[in-house]
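J.: I'm passing along run.cif; it holds mmCIF, C-alpha atoms.
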```cif
data_data
#
loop_
_atom_site.label_atom_id
_atom_site.label_comp_id
_atom_site.auth_asym_id
_atom_site.auth_seq_id
_atom_site.Cartn_x
_atom_site.Cartn_y
_atom_site.Cartn_z
CA GLU A 8 0.00 0.00 0.00
CA ILE A 9 2.82 2.34 -1.00
CA ARG A 10 2.83 4.26 -4.29
CA PHE A 11 6.07 3.37 -6.03
CA GLY A 12 7.62 5.19 -8.96
CA PHE A 13 10.86 4.34 -10.66
CA ASP A 14 13.12 5.31 -13.50
CA PHE A 15 15.90 2.78 -13.24
CA GLN A 16 17.93 1.18 -16.01
CA TYR A 17 21.56 0.30 -15.58
CA LYS A 18 24.08 -1.58 -17.70
CA GLY A 19 27.34 -0.41 -16.17
CA ASN A 20 30.14 -2.11 -14.29
CA ILE A 21 29.26 -1.54 -10.63
CA PHE A 22 29.56 -4.96 -8.98
CA VAL A 23 26.04 -6.39 -8.65
CA TYR A 24 26.55 -7.22 -4.96
CA ASP A 25 27.45 -3.59 -4.21
CA MET A 26 24.44 -2.32 -6.16
CA ALA A 27 22.26 -4.74 -4.18
CA ILE A 28 23.61 -3.40 -0.87
CA VAL A 29 22.72 0.14 -1.88
CA LEU A 30 19.27 -0.66 -3.26
CA ASN A 31 18.27 -3.13 -0.56
CA ASN A 32 19.18 -0.83 2.31
CA LEU A 33 17.70 2.35 0.84
CA LEU A 34 14.46 0.67 -0.22
CA ASP A 35 14.13 -1.28 3.03
CA ASN A 36 14.47 1.97 4.99
CA ALA A 37 11.97 3.73 2.72
CA ILE A 38 9.39 0.95 3.14
CA GLU A 39 9.84 0.92 6.91
CA ALA A 40 9.44 4.72 7.04
CA CYS A 41 6.28 4.62 4.93
CA LYS A 42 4.68 2.05 7.23
CA LYS A 43 4.74 4.64 10.02
CA ILE A 44 2.57 7.18 8.21
CA PRO A 45 -1.04 7.20 6.93
CA LYS A 46 -1.60 5.13 3.77
CA GLU A 47 -2.66 8.12 1.68
CA ASN A 48 0.75 9.81 2.23
CA ARG A 49 2.94 6.81 1.43
CA TYR A 50 5.21 6.95 -1.61
CA ILE A 51 8.67 5.92 -2.75
CA ASN A 52 10.46 7.15 -5.87
CA LEU A 53 13.59 5.40 -7.12
CA SER A 54 15.73 6.79 -9.92
CA LEU A 55 19.10 6.15 -11.47
CA ASN A 56 20.97 8.58 -13.68
CA HIS A 57 24.06 7.46 -15.54
CA LYS A 58 26.42 9.87 -17.28
CA ASN A 59 29.93 9.13 -18.42
CA HIS A 60 31.42 7.11 -15.54
CA PHE A 61 29.10 8.44 -12.83
CA VAL A 62 26.01 6.77 -11.39
CA LEU A 63 23.52 8.70 -9.28
CA ILE A 64 20.93 6.67 -7.34
CA VAL A 65 18.15 8.58 -5.62
CA VAL A 66 15.50 7.19 -3.26
CA GLU A 67 12.92 9.68 -2.09
CA ASN A 68 10.08 8.78 0.25
CA ALA A 69 7.57 10.19 2.66
CA PHE A 70 8.25 9.72 6.37
CA ASP A 71 6.99 10.94 9.73
CA GLY A 72 9.47 13.82 9.88
CA ILE A 73 11.14 12.55 13.04
CA VAL A 74 14.88 12.02 12.83
CA LYS A 75 17.73 11.94 15.33
CA TRP A 76 21.29 12.14 14.11
CA GLU A 77 24.20 10.08 15.34
CA LYS A 78 26.81 12.17 17.07
CA ASP A 79 29.66 13.29 14.80
CA THR A 80 28.25 11.68 11.65
CA ILE A 81 25.99 12.38 8.69
CA LEU A 82 23.89 9.31 9.49
CA PRO A 83 20.64 9.19 11.43
CA GLU A 84 20.18 6.96 14.44
CA THR A 85 18.39 3.70 13.76
CA THR A 86 14.70 3.57 14.57
CA LYS A 87 14.60 -0.21 14.49
CA LEU A 88 13.95 -1.89 17.77
CA PRO A 89 16.82 -4.05 19.02
CA ARG A 90 16.20 -7.72 18.47
CA SER A 91 17.98 -10.46 20.31
CA ASP A 92 18.42 -12.47 17.10
CA SER A 93 20.14 -9.73 15.10
CA LEU A 94 23.09 -7.43 15.59
CA GLU A 95 22.60 -5.88 12.17
CA HIS A 96 20.06 -3.17 12.98
CA GLY A 97 21.34 0.31 12.31
CA ILE A 98 24.13 -0.62 9.90
CA GLY A 99 22.27 -0.30 6.58
CA LEU A 100 23.16 3.30 5.82
CA LYS A 101 26.71 2.70 7.05
CA ASN A 102 26.95 -0.10 4.49
CA VAL A 103 25.62 2.20 1.76
CA LYS A 104 28.16 4.84 2.75
CA ASP A 105 30.95 2.23 2.66
CA VAL A 106 29.95 1.09 -0.84
CA ALA A 107 29.85 4.70 -2.04
CA SER A 108 33.32 5.39 -0.67
CA ARG A 109 34.71 2.26 -2.38
CA TYR A 110 33.52 3.75 -5.67
CA TYR A 111 34.96 7.20 -4.88
CA GLY A 112 31.46 8.52 -4.24
CA ALA A 113 29.28 9.61 -1.38
CA LEU A 114 25.95 9.22 0.40
CA ASP A 115 23.94 12.40 0.88
CA ILE A 116 20.76 12.64 2.94
CA LYS A 117 18.40 15.59 2.64
CA ILE A 118 15.25 16.10 4.69
CA ASN A 119 12.52 18.58 3.88
CA GLU A 120 9.73 18.34 6.47
CA HIS A 121 8.19 14.92 5.67
CA ILE A 122 10.32 14.06 2.64
CA TRP A 123 13.44 11.93 2.98
CA LYS A 124 15.87 11.90 0.06
CA ALA A 125 18.93 9.67 -0.03
CA THR A 126 21.33 10.20 -2.93
CA VAL A 127 24.25 7.90 -3.66
CA LEU A 128 26.98 8.86 -6.10
CA LEU A 129 29.18 6.09 -7.47
CA GLN A 130 32.03 6.35 -9.94
CA GLU A 131 32.45 3.42 -12.26
CA LYS A 132 35.88 1.97 -12.79
CA GLU A 133 37.19 2.51 -16.28
CA GLU A 134 37.62 -0.71 -18.18
#
```
What would the structure in this file look like if it were written as structure tokens?
T.:
Amino acid sequence: EIRFGFDFQYKGNIFVYDMAIVLNNLLDNAIEACKKIPKENRYINLSLNHKNHFVLIVVENAFDGIVKWEKDTILPETTKLPRSDSLEHGIGLKNVKDVASRYYGALDIKINEHIWKATVLLQEKEE
């Protein structure tokens, strides 16, 4: 029950596992955020732009507008409840940031009231 728009086609040389880390974490966070707001406000937009050797992935979604930032970092604190069976909560955006840095890129997060926008820049390796 989330409106989903996408403009995503990619035939470059970013390792598929790294692309999956980025997409899985950003989309998982967007879905979780949308579940916390009324159904009529839920949406996720995914886009990929590819120019020369640069790849720009953008995930924009509605959210409740509540965010707390980790101290001394550009990343927000996790909102996932701790579970005894998993130590992996709260590391998704760190993983995205790590992938971006491996490709000489960056993760940028912008918030405008109830709109969350995560942008990942990756630089493809020249063949």
J.: Give me the result of the PyMOL selection byres ((chain A and resi 12) around 6) on this file, residue by residue, as a list in words.
T.: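 With the PyMOL selection byres ((chain A and resi 12) around 6) on this model, the match is Phe11, Phe13 and Asn52 of chain A.
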J.: I'd like the contact shell of Asn32 (chain A) - 8 Å cut-off, all atoms listed in the file, skipping same-chain residues fewer than 4 positions apart - returned as a CSV table (one decimal) with C-alpha atoms, keeping the file's coordinate frame.
T.:
```csv
chain,number,residue,atom,x,y,z
A,28,ILE,CA,23.6,-3.4,-0.9
A,36,ASN,CA,14.5,2.0,5.0
A,99,GLY,CA,22.3,-0.3,6.6
A,100,LEU,CA,23.2,3.3,5.8
A,103,VAL,CA,25.6,2.2,1.8
```
J.: Could you check which of A:His60, A:Lys42, A:Arg109, A:Arg10 is closest to Met26 (chain A), using only C-alpha atoms?
T.: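 Closest candidate: A:Arg109.
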J.: Rank nothing, just name the residue among A:Cys41, A:Val62, A:Ile9, A:Ile98 nearest to Trp123 (chain A), using all atoms listed in the file.
T.: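 For Trp123 (chain A), the nearest of the given residues is A:Cys41.
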J.: Take CA of Ala107 (chain A) and CA of Glu133 (chain A) and report the distance between them in Å, one decimal.
T.: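 Calculated distance between CA of Ala107 (chain A) and CA of Glu133 (chain A) is 16.2 Å.
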J.: For Asn56 (chain A), please output as a list in words all residues within 12 Å (counting all atoms listed in the file; exclusion window: fewer than 5 positions along the same chain).
T.: Phe13, Asp14, Phe15, Gln16, Tyr17, Lys18, Gly19, Phe61, Val62, Leu63, Ile64, Val65, Val66, Thr126, Val127, Leu128, Leu129 and Gln130 of chain A
J.: If I take CA of Asp71 (chain A) and CA of Ile122 (chain A), how far is one from the other in Å, to one decimal?
T.: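 CA of Ile122 (chain A) lies at a distance of 8.4 Å from CA of Asp71 (chain A).
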J.: List the neighbours of Ile44 (chain A) out to 9 Å using only C-alpha atoms; skip same-chain residues closer than 5 positions along the sequence, and give me the result as a ChimeraX atom specification.
T.: /A:49,69-71
J.: Could you check how far CA of Ile51 (chain A) sits from CA of Ala37 (chain A), in Å to one decimal?
T.: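 CA of Ile51 (chain A) sits 6.8 Å away from CA of Ala37 (chain A).
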J.: When you count all atoms listed in the file, which of these residues is closest to Glu47 (chain A): A:Asp105, A:Glu8, A:Glu120, A:Glu131?
T.: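 Residue with the minimum atom-to-atom distance to Glu47 (chain A): A:Glu8.
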J.: Can you put N, CA and C atoms back into region 105-125 of chain A and show it as a PDB file, in the frame of the given file?
T.:
```
ATOM      1  N   ASP A 105      29.719   2.970   2.948  1.00  0.00           N
ATOM      2  CA  ASP A 105      30.950   2.230   2.660  1.00  0.00           C
ATOM      3  C   ASP A 105      31.061   1.875   1.176  1.00  0.00           C
ATOM      4  N   VAL A 106      29.942   1.412   0.593  1.00  0.00           N
ATOM      5  CA  VAL A 106      29.950   1.090  -0.840  1.00  0.00           C
ATOM      6  C   VAL A 106      30.272   2.346  -1.642  1.00  0.00           C
ATOM      7  N   ALA A 107      29.608   3.449  -1.310  1.00  0.00           N
ATOM      8  CA  ALA A 107      29.850   4.700  -2.040  1.00  0.00           C
ATOM      9  C   ALA A 107      31.320   5.101  -1.966  1.00  0.00           C
ATOM     10  N   SER A 108      31.916   4.986  -0.803  1.00  0.00           N
ATOM     11  CA  SER A 108      33.320   5.390  -0.670  1.00  0.00           C
ATOM     12  C   SER A 108      34.248   4.457  -1.451  1.00  0.00           C
ATOM     13  N   ARG A 109      33.901   3.179  -1.576  1.00  0.00           N
ATOM     14  CA  ARG A 109      34.710   2.260  -2.380  1.00  0.00           C
ATOM     15  C   ARG A 109      34.696   2.634  -3.856  1.00  0.00           C
ATOM     16  N   TYR A 110      33.630   3.314  -4.277  1.00  0.00           N
ATOM     17  CA  TYR A 110      33.520   3.750  -5.670  1.00  0.00           C
ATOM     18  C   TYR A 110      33.791   5.252  -5.794  1.00  0.00           C
ATOM     19  N   TYR A 111      34.559   5.790  -4.868  1.00  0.00           N
ATOM     20  CA  TYR A 111      34.960   7.200  -4.880  1.00  0.00           C
ATOM     21  C   TYR A 111      33.747   8.128  -4.950  1.00  0.00           C
ATOM     22  N   GLY A 112      32.696   7.748  -4.237  1.00  0.00           N
ATOM     23  CA  GLY A 112      31.460   8.520  -4.240  1.00  0.00           C
ATOM     24  C   GLY A 112      31.057   8.920  -2.831  1.00  0.00           C
ATOM     25  N   ALA A 113      29.768   9.140  -2.667  1.00  0.00           N
ATOM     26  CA  ALA A 113      29.280   9.610  -1.380  1.00  0.00           C
ATOM     27  C   ALA A 113      27.799   9.285  -1.219  1.00  0.00           C
ATOM     28  N   LEU A 114      27.365   9.314   0.029  1.00  0.00           N
ATOM     29  CA  LEU A 114      25.950   9.220   0.400  1.00  0.00           C
ATOM     30  C   LEU A 114      25.550  10.582   0.929  1.00  0.00           C
ATOM     31  N   ASP A 115      24.452  11.118   0.412  1.00  0.00           N
ATOM     32  CA  ASP A 115      23.940  12.400   0.880  1.00  0.00           C
ATOM     33  C   ASP A 115      22.483  12.217   1.285  1.00  0.00           C
ATOM     34  N   ILE A 116      22.129  12.735   2.442  1.00  0.00           N
ATOM     35  CA  ILE A 116      20.760  12.640   2.940  1.00  0.00           C
ATOM     36  C   ILE A 116      20.217  14.047   3.113  1.00  0.00           C
ATOM     37  N   LYS A 117      19.071  14.300   2.505  1.00  0.00           N
ATOM     38  CA  LYS A 117      18.400  15.590   2.640  1.00  0.00           C
ATOM     39  C   LYS A 117      16.999  15.334   3.184  1.00  0.00           C
ATOM     40  N   ILE A 118      16.581  16.204   4.102  1.00  0.00           N
ATOM     41  CA  ILE A 118      15.250  16.100   4.690  1.00  0.00           C
ATOM     42  C   ILE A 118      14.556  17.440   4.534  1.00  0.00           C
ATOM     43  N   ASN A 119      13.334  17.391   4.019  1.00  0.00           N
ATOM     44  CA  ASN A 119      12.520  18.580   3.880  1.00  0.00           C
ATOM     45  C   ASN A 119      11.148  18.252   4.468  1.00  0.00           C
ATOM     46  N   GLU A 120      10.953  18.621   5.712  1.00  0.00           N
ATOM     47  CA  GLU A 120       9.730  18.340   6.470  1.00  0.00           C
ATOM     48  C   GLU A 120       9.459  16.834   6.500  1.00  0.00           C
ATOM     49  N   HIS A 121       8.552  16.336   5.649  1.00  0.00           N
ATOM     50  CA  HIS A 121       8.190  14.920   5.670  1.00  0.00           C
ATOM     51  C   HIS A 121       8.681  14.168   4.442  1.00  0.00           C
ATOM     52  N   ILE A 122       9.728  14.704   3.821  1.00  0.00           N
ATOM     53  CA  ILE A 122      10.320  14.060   2.640  1.00  0.00           C
ATOM     54  C   ILE A 122      11.770  13.710   2.945  1.00  0.00           C
ATOM     55  N   TRP A 123      12.093  12.456   2.777  1.00  0.00           N
ATOM     56  CA  TRP A 123      13.440  11.930   2.980  1.00  0.00           C
ATOM     57  C   TRP A 123      14.023  11.642   1.610  1.00  0.00           C
ATOM     58  N   LYS A 124      15.230  12.132   1.350  1.00  0.00           N
ATOM     59  CA  LYS A 124      15.870  11.900   0.060  1.00  0.00           C
ATOM     60  C   LYS A 124      17.300  11.446   0.284  1.00  0.00           C
ATOM     61  N   ALA A 125      17.577  10.220  -0.128  1.00  0.00           N
ATOM     62  CA  ALA A 125      18.930   9.670  -0.030  1.00  0.00           C
ATOM     63  C   ALA A 125      19.505   9.591  -1.441  1.00  0.00           C
TER      64      ALA A 125
END
```
